[in-house]
Amino acid sequence: MNTDQTVVDVDYAVIGLGAMGASTLYFLARSGAKVVGIDRHSPPHQHGASHGGYRVTREAVAEGPAYLHFVRRSNELLRDLERQSGVELAGRTGTLIIGSDLAGRPDSFLRDTVEIAKANDIAHQLLSSIDLKRLYPQLVGVTHDDVGYFEPNAGFIRPEPLLKLQIALARQEGAEILENTAVSRISPVEGGVEVEAGGLRLRARKVAVAAGRWADELLGGPLGQLLSVSRQRTFSFKASDTAAYRPGKFPTLMWFRESVGGECATVFPLEGGEDAVKLFVADTEAIGSRGLSADEFHRRHVQPFFGGVSTNLHRSETCYYTSTPDHGFLLDWHPEVPGVFLVSACSGHGFKHALGIGEAVAGLLTERPIADLSPFSANRFLSENTK
């Protein structure tokens with residue numbers, strides 16, 4: 001692309017090339033349209049939420065039935081990309097979800113997961129506390145009230161290889177990529193939308209904004225006020241018993257632990273020569289005025305629950321969740337800027353849906369809709385304010 005031109009005309013622009021942005025770009029490029037993708041960094045990068053080596057995937061999504069189509073379609077598309085590229089994009093280790101007895105709270109994440117699985121014929125096993133202790137002796141914090149849901153065809157997605165592949169394939173289809181380029185303005189013009197980025201003016205028929213933590217400054221107004229950004233932190237501790245945490249003996253895990261207020265620990269199995277177990281507990285940074293130190297995190301979230309994991313910190317990483325008030329996605333046309341479609345926020349659970357959503361958003365923008373996005377409309381937040 002010649003950036004010396006005053007105005008460059010394209011069919012579509014995608015702002016933000018994280019999970020959903022990269023997928024939207026890929027499918028728009030496949031349509032044969034003239035497409036440009038813009039990111040203020042060089043994706044995949046560590047400044048947003050689409051990095052870190054692993055993202056949990058599972059088909060029985062307790063967040064609600066509106067998500068089911070997208071995770072199933074994403075799984076199909078992921079397998080297609082693996083066959084096409086020869087790149088292993090997922091670890092199908094099975095996903096285990098542990099929580100308190102299903103007879104407990106009516107809003108139990110575990111209970112909702114089981115109901116979704118049963119209603120949609122998703123292969124799974126239910127495990128008693130006795131089963132959990134027998135199968136996973138490294139989980140030393142399992143109590144007699146704990147039960148498990150195991151989904152054998154689930155596991156994790158590798159975010160960086162997936163983003164790299166989609167952007168590379170989009171380039172092959174003719175898409176232009178503007179990296180390390182910040183968008184300073186989005187405004188309606190006759191026949192479309194004008195985007196100013198890095199001294200370049202783009203005119204597009206339609207624009208998809210998938211900017212994550214930067215969406216607020218781009219959108220402003222009531223939409224920007226809906227979005228909140230939280231800094232999340234992961235910890236990787238060296239395993240003293242690496243065999244106990246390798247695939248086959250240890251699945252991808254989500255563990256809602258009653259003894260720490262129901263907080264969920266997400267843990268991933270060791271691959272290859274890795275010897276550090278990666279753990280994530282949502283909103284760790286929000287605990288206390290300075291967040292938890294590595295030692296405090298280990299005392300609270302590792303030592304009481306996981307055997308064979310030392311206090312030796314290997315790595316700590318951060319990412320940024322952009323969330324809506326109800327923690328659902330925001331997928332809708334901008335109410336004040338015609339031609340701008342919002343593909344944000346992921347609310348911390350978007351990666352496993354991203355391929356299916358990117359395909360659906362591309363279909364909508366090219367006027368070939370293939371899926372219902374109405375459950376994620378902005379109207380659920382704005383209607384009360386506009387009556």
# chains A, B, ... in the order shown; residues from 1 in each chain; ligands from 1
>>> select_by_dssp(residues="region 105-168 of chain A", states="helix (DSSP H, G or I)", output="list in words")
Phe109, Leu110, Arg111, Asp112, Thr113, Val114, Glu115, Ile116, Ala117, Lys118, Ala119, Ser129, Ile130, Asp131, Leu132, Lys133, Arg134, Leu135, Pro159, Glu160, Pro161, Leu162, Leu163, Lys164, Leu165, Gln166, Ile167 and Ala168 of chain A
>>> select_by_dssp(residues="region 91-275 of chain A", states="strand (DSSP E)", output="PyMOL selection string")
chain A and resi 91+95-100+125-127+146-151+155-157+176-178+183-189+192-197+200-209+228-239+252-257+263-268
>>> closest_atom_pairs(of="region 205-301 of chain A", to="region 306-316 of chain A", cutoff="7 Å", atoms="only C-alpha atoms", output="CSV")
residue,atom,partner,partner_atom,distance
A:Arg233,CA,A:Ser316,CA,6.9
A:Thr234,CA,A:Ser316,CA,5.5
A:Phe235,CA,A:Ser316,CA,4.6
A:Ser236,CA,A:Arg315,CA,5.1
A:Phe237,CA,A:Leu313,CA,4.5
A:Lys238,CA,A:Asn312,CA,5.5
A:Ala239,CA,A:Val309,CA,4.3
A:Ser240,CA,A:Gly308,CA,5.0
A:Asp241,CA,A:Gly308,CA,4.8
A:Ala276,CA,A:His314,CA,6.4
A:His298,CA,A:Thr311,CA,6.6
>>> write_last_selection(atoms="N, CA, C and O atoms", output="PDB file, in the first residue's frame")
ATOM      1  N   ARG A 233      -3.010 -11.392  35.393  1.00  0.00           N
ATOM      2  CA  ARG A 233      -1.636 -11.868  35.546  1.00  0.00           C
ATOM      3  C   ARG A 233      -1.595 -13.387  35.667  1.00  0.00           C
ATOM      4  O   ARG A 233      -2.437 -13.988  36.348  1.00  0.00           O
ATOM      5  N   THR A 234      -0.649 -14.003  34.979  1.00  0.00           N
ATOM      6  CA  THR A 234      -0.423 -15.444  35.108  1.00  0.00           C
ATOM      7  C   THR A 234       0.912 -15.693  35.797  1.00  0.00           C
ATOM      8  O   THR A 234       1.812 -14.850  35.770  1.00  0.00           O
ATOM      9  N   PHE A 235       1.018 -16.872  36.412  1.00  0.00           N
ATOM     10  CA  PHE A 235       2.251 -17.277  37.084  1.00  0.00           C
ATOM     11  C   PHE A 235       2.631 -18.673  36.609  1.00  0.00           C
ATOM     12  O   PHE A 235       1.770 -19.558  36.523  1.00  0.00           O
ATOM     13  N   SER A 236       3.904 -18.877  36.312  1.00  0.00           N
ATOM     14  CA  SER A 236       4.407 -20.201  35.962  1.00  0.00           C
ATOM     15  C   SER A 236       5.469 -20.597  36.984  1.00  0.00           C
ATOM     16  O   SER A 236       6.486 -19.914  37.135  1.00  0.00           O
ATOM     17  N   PHE A 237       5.197 -21.709  37.703  1.00  0.00           N
ATOM     18  CA  PHE A 237       6.116 -22.202  38.725  1.00  0.00           C
ATOM     19  C   PHE A 237       6.743 -23.511  38.261  1.00  0.00           C
ATOM     20  O   PHE A 237       6.064 -24.357  37.671  1.00  0.00           O
ATOM     21  N   LYS A 238       8.033 -23.674  38.559  1.00  0.00           N
ATOM     22  CA  LYS A 238       8.721 -24.908  38.190  1.00  0.00           C
ATOM     23  C   LYS A 238       8.078 -26.100  38.903  1.00  0.00           C
ATOM     24  O   LYS A 238       7.778 -26.045  40.101  1.00  0.00           O
ATOM     25  N   ALA A 239       7.868 -27.161  38.140  1.00  0.00           N
ATOM     26  CA  ALA A 239       7.293 -28.381  38.716  1.00  0.00           C
ATOM     27  C   ALA A 239       8.401 -29.256  39.270  1.00  0.00           C
ATOM     28  O   ALA A 239       9.424 -29.484  38.607  1.00  0.00           O
ATOM     29  N   SER A 240       8.222 -29.739  40.496  1.00  0.00           N
ATOM     30  CA  SER A 240       9.150 -30.709  41.055  1.00  0.00           C
ATOM     31  C   SER A 240       8.787 -32.123  40.591  1.00  0.00           C
ATOM     32  O   SER A 240       9.611 -33.036  40.640  1.00  0.00           O
ATOM     33  N   ASP A 241       7.539 -32.287  40.127  1.00  0.00           N
ATOM     34  CA  ASP A 241       7.072 -33.569  39.577  1.00  0.00           C
ATOM     35  C   ASP A 241       6.487 -33.283  38.194  1.00  0.00           C
ATOM     36  O   ASP A 241       5.275 -33.139  38.027  1.00  0.00           O
ATOM     37  N   ALA A 276       7.567 -25.831  33.784  1.00  0.00           N
ATOM     38  CA  ALA A 276       6.906 -24.857  34.660  1.00  0.00           C
ATOM     39  C   ALA A 276       5.406 -24.890  34.408  1.00  0.00           C
ATOM     40  O   ALA A 276       4.954 -24.752  33.268  1.00  0.00           O
ATOM     41  N   HIS A 298       1.387 -18.211  45.374  1.00  0.00           N
ATOM     42  CA  HIS A 298       1.681 -19.626  45.607  1.00  0.00           C
ATOM     43  C   HIS A 298       1.036 -20.101  46.899  1.00  0.00           C
ATOM     44  O   HIS A 298       0.450 -21.199  46.945  1.00  0.00           O
TER      45      HIS A 298
END
>>> residues_around(residues="region 228-232 of chain A", least_positions_apart="3", cutoff="12 Å", atoms="only C-alpha atoms", output="MDAnalysis selection string")
chainID A and resid 46:49 51:52 211:217 223:225 235 279:287 290:292 316:327 344:348
>>> residues_around(residues="region 186-188 of chain A", least_positions_apart="6", cutoff="12 Å", atoms="only C-alpha atoms", output="list in words")
Ala13, Val14, Ile15, Glu194, Val195, Glu196, Ala197, Arg201, Leu202, Arg203, Ala204, Arg205, Lys206, Val207, Ala208, Val209, Ala215, Glu217, Leu218, Leu219, Gly220, His334, Pro335, Glu336, Val337, Pro338, Gly339, Val340 and Phe341 of chain A
>>> closest_residue(among="A:Thr24, A:Ser184, A:Thr57, A:Ser42", to="His349 (chain A)", atoms="only C-alpha atoms")
A:Thr57
>>> residues_around(residues="His69 (chain A)", least_positions_apart="4", cutoff="9 Å", atoms="only C-alpha atoms", output="list in words")
Pro65, Arg73, Ser74, His353, Gly356 and Ala371 of chain A
>>> closest_residue(among="A:Gln172, A:Glu151, A:Gly192, A:Pro247", to="Val61 (chain A)", atoms="only C-alpha atoms")
A:Glu151
>>> closest_residue(among="A:Asn180, A:Ser293, A:Ser100, A:Asn153", to="Glu263 (chain A)", atoms="only C-alpha atoms")
A:Ser100
>>> residues_around(residues="Gly141 (chain A)", least_positions_apart="2", cutoff="8 Å", atoms="only C-alpha atoms", output="PyMOL selection string")
chain A and resi 139+143+304-306
>>> residues_around(residues="Ala22 (chain A)", least_positions_apart="3", cutoff="10 Å", atoms="only C-alpha atoms", output="MDAnalysis selection string")
chainID A and resid 14:19 25:28 37:39 43:44 162:168 170 210 354:355 358
>>> write_last_selection(atoms="N, CA, C and O atoms", output="mmCIF file, in the first residue's frame")
data_model
loop_
_atom_site.group_PDB
_atom_site.id
_atom_site.type_symbol
_atom_site.label_atom_id
_atom_site.label_comp_id
_atom_site.auth_asym_id
_atom_site.auth_seq_id
_atom_site.Cartn_x
_atom_site.Cartn_y
_atom_site.Cartn_z
ATOM 1 N N VAL A 14 -10.170 -3.369 9.152
ATOM 2 C CA VAL A 14 -10.300 -4.022 10.456
ATOM 3 C C VAL A 14 -9.291 -3.377 11.393
ATOM 4 O O VAL A 14 -8.087 -3.389 11.121
ATOM 5 N N ILE A 15 -9.788 -2.818 12.487
ATOM 6 C CA ILE A 15 -8.930 -2.124 13.456
ATOM 7 C C ILE A 15 -8.754 -3.020 14.670
ATOM 8 O O ILE A 15 -9.703 -3.319 15.395
ATOM 9 N N GLY A 16 -7.518 -3.445 14.896
ATOM 10 C CA GLY A 16 -7.215 -4.370 15.982
ATOM 11 C C GLY A 16 -7.130 -5.788 15.460
ATOM 12 O O GLY A 16 -8.116 -6.320 14.946
ATOM 13 N N LEU A 17 -5.950 -6.412 15.571
ATOM 14 C CA LEU A 17 -5.738 -7.745 15.008
ATOM 15 C C LEU A 17 -5.412 -8.763 16.092
ATOM 16 O O LEU A 17 -4.474 -9.543 15.996
ATOM 17 N N GLY A 18 -6.225 -8.728 17.150
ATOM 18 C CA GLY A 18 -6.182 -9.780 18.151
ATOM 19 C C GLY A 18 -7.043 -10.946 17.691
ATOM 20 O O GLY A 18 -7.241 -11.167 16.491
ATOM 21 N N ALA A 19 -7.591 -11.695 18.643
ATOM 22 C CA ALA A 19 -8.318 -12.926 18.316
ATOM 23 C C ALA A 19 -9.421 -12.704 17.295
ATOM 24 O O ALA A 19 -9.457 -13.343 16.245
ATOM 25 N N LEU A 25 -10.443 -10.278 9.671
ATOM 26 C CA LEU A 25 -9.584 -9.909 8.547
ATOM 27 C C LEU A 25 -9.408 -11.087 7.594
ATOM 28 O O LEU A 25 -9.516 -10.942 6.359
ATOM 29 N N TYR A 26 -9.136 -12.254 8.135
ATOM 30 C CA TYR A 26 -8.902 -13.449 7.326
ATOM 31 C C TYR A 26 -10.106 -13.772 6.450
ATOM 32 O O TYR A 26 -9.970 -13.999 5.238
ATOM 33 N N PHE A 27 -11.291 -13.756 7.055
ATOM 34 C CA PHE A 27 -12.476 -14.130 6.287
ATOM 35 C C PHE A 27 -12.897 -13.037 5.303
ATOM 36 O O PHE A 27 -13.417 -13.339 4.222
ATOM 37 N N LEU A 28 -12.663 -11.782 5.640
ATOM 38 C CA LEU A 28 -12.912 -10.714 4.673
ATOM 39 C C LEU A 28 -11.967 -10.850 3.483
ATOM 40 O O LEU A 28 -12.376 -10.682 2.325
ATOM 41 N N GLY A 37 -5.867 -4.361 7.397
ATOM 42 C CA GLY A 37 -5.900 -4.579 8.837
ATOM 43 C C GLY A 37 -4.917 -3.643 9.515
ATOM 44 O O GLY A 37 -3.804 -3.437 9.019
ATOM 45 N N ILE A 38 -5.332 -3.072 10.643
ATOM 46 C CA ILE A 38 -4.515 -2.068 11.330
ATOM 47 C C ILE A 38 -4.348 -2.477 12.789
ATOM 48 O O ILE A 38 -5.326 -2.834 13.458
ATOM 49 N N ASP A 39 -3.124 -2.411 13.287
ATOM 50 C CA ASP A 39 -2.870 -2.685 14.697
ATOM 51 C C ASP A 39 -1.795 -1.729 15.193
ATOM 52 O O ASP A 39 -0.816 -1.463 14.487
ATOM 53 N N PRO A 43 1.201 -7.643 15.700
ATOM 54 C CA PRO A 43 0.570 -8.856 16.227
ATOM 55 C C PRO A 43 1.234 -10.136 15.699
ATOM 56 O O PRO A 43 1.730 -10.152 14.576
ATOM 57 N N PRO A 44 1.208 -11.197 16.562
ATOM 58 C CA PRO A 44 0.698 -11.207 17.934
ATOM 59 C C PRO A 44 1.683 -10.537 18.893
ATOM 60 O O PRO A 44 2.898 -10.700 18.752
ATOM 61 N N LEU A 162 -2.000 -19.226 15.962
ATOM 62 C CA LEU A 162 -3.256 -19.019 15.248
ATOM 63 C C LEU A 162 -3.336 -17.617 14.664
ATOM 64 O O LEU A 162 -3.733 -17.431 13.499
ATOM 65 N N LEU A 163 -2.953 -16.614 15.444
ATOM 66 C CA LEU A 163 -2.971 -15.243 14.923
ATOM 67 C C LEU A 163 -1.991 -15.075 13.772
ATOM 68 O O LEU A 163 -2.331 -14.491 12.728
ATOM 69 N N LYS A 164 -0.772 -15.581 13.941
ATOM 70 C CA LYS A 164 0.221 -15.476 12.874
ATOM 71 C C LYS A 164 -0.288 -16.109 11.591
ATOM 72 O O LYS A 164 -0.124 -15.546 10.496
ATOM 73 N N LEU A 165 -0.897 -17.282 11.716
ATOM 74 C CA LEU A 165 -1.368 -17.996 10.537
ATOM 75 C C LEU A 165 -2.477 -17.227 9.830
ATOM 76 O O LEU A 165 -2.455 -17.071 8.597
ATOM 77 N N GLN A 166 -3.459 -16.734 10.599
ATOM 78 C CA GLN A 166 -4.561 -16.018 9.957
ATOM 79 C C GLN A 166 -4.094 -14.739 9.257
ATOM 80 O O GLN A 166 -4.551 -14.417 8.157
ATOM 81 N N ILE A 167 -3.180 -14.019 9.887
ATOM 82 C CA ILE A 167 -2.675 -12.792 9.269
ATOM 83 C C ILE A 167 -1.868 -13.127 8.014
ATOM 84 O O ILE A 167 -1.983 -12.450 6.982
ATOM 85 N N ALA A 168 -1.068 -14.191 8.073
ATOM 86 C CA ALA A 168 -0.293 -14.607 6.899
ATOM 87 C C ALA A 168 -1.216 -15.033 5.762
ATOM 88 O O ALA A 168 -0.980 -14.681 4.591
ATOM 89 N N ALA A 170 -4.315 -14.079 5.332
ATOM 90 C CA ALA A 170 -4.994 -12.877 4.834
ATOM 91 C C ALA A 170 -4.097 -12.129 3.858
ATOM 92 O O ALA A 170 -4.550 -11.640 2.811
ATOM 93 N N ALA A 210 -12.137 -3.987 16.369
ATOM 94 C CA ALA A 210 -11.855 -5.080 17.303
ATOM 95 C C ALA A 210 -10.649 -4.689 18.148
ATOM 96 O O ALA A 210 -9.680 -5.439 18.262
ATOM 97 N N ALA A 354 -13.553 -17.158 18.563
ATOM 98 C CA ALA A 354 -13.127 -16.085 17.661
ATOM 99 C C ALA A 354 -13.206 -16.452 16.187
ATOM 100 O O ALA A 354 -13.585 -15.624 15.351
ATOM 101 N N LEU A 355 -12.833 -17.674 15.831
ATOM 102 C CA LEU A 355 -12.893 -18.053 14.416
ATOM 103 C C LEU A 355 -14.322 -18.006 13.898
ATOM 104 O O LEU A 355 -14.588 -17.473 12.816
ATOM 105 N N GLY A 358 -15.431 -14.317 13.731
ATOM 106 C CA GLY A 358 -14.817 -13.624 12.612
ATOM 107 C C GLY A 358 -15.486 -13.968 11.296
ATOM 108 O O GLY A 358 -15.724 -13.090 10.448
#
>>> atom_distance(atom1="CA of Phe250 (chain A)", atom2="CA of Thr93 (chain A)")
7.9 Å
>>> closest_residue(among="A:Tyr12, A:Pro161, A:Phe150, A:Asp101", to="Ser85 (chain A)", atoms="only C-alpha atoms")
A:Pro161
>>> atom_distance(atom1="CA of Asp9 (chain A)", atom2="CA of Val343 (chain A)")
22.0 Å
>>> closest_residue(among="A:Phe381, A:Leu126, A:Glu176, A:Arg83", to="Asp11 (chain A)", atoms="only C-alpha atoms")
A:Glu176
>>> closest_residue(among="A:Glu59, A:Glu88, A:Asp146, A:Asp121", to="Arg257 (chain A)", atoms="only C-alpha atoms")
A:Asp146
>>> atom_distance(atom1="CA of Leu331 (chain A)", atom2="CA of Arg30 (chain A)")
20.9 Å
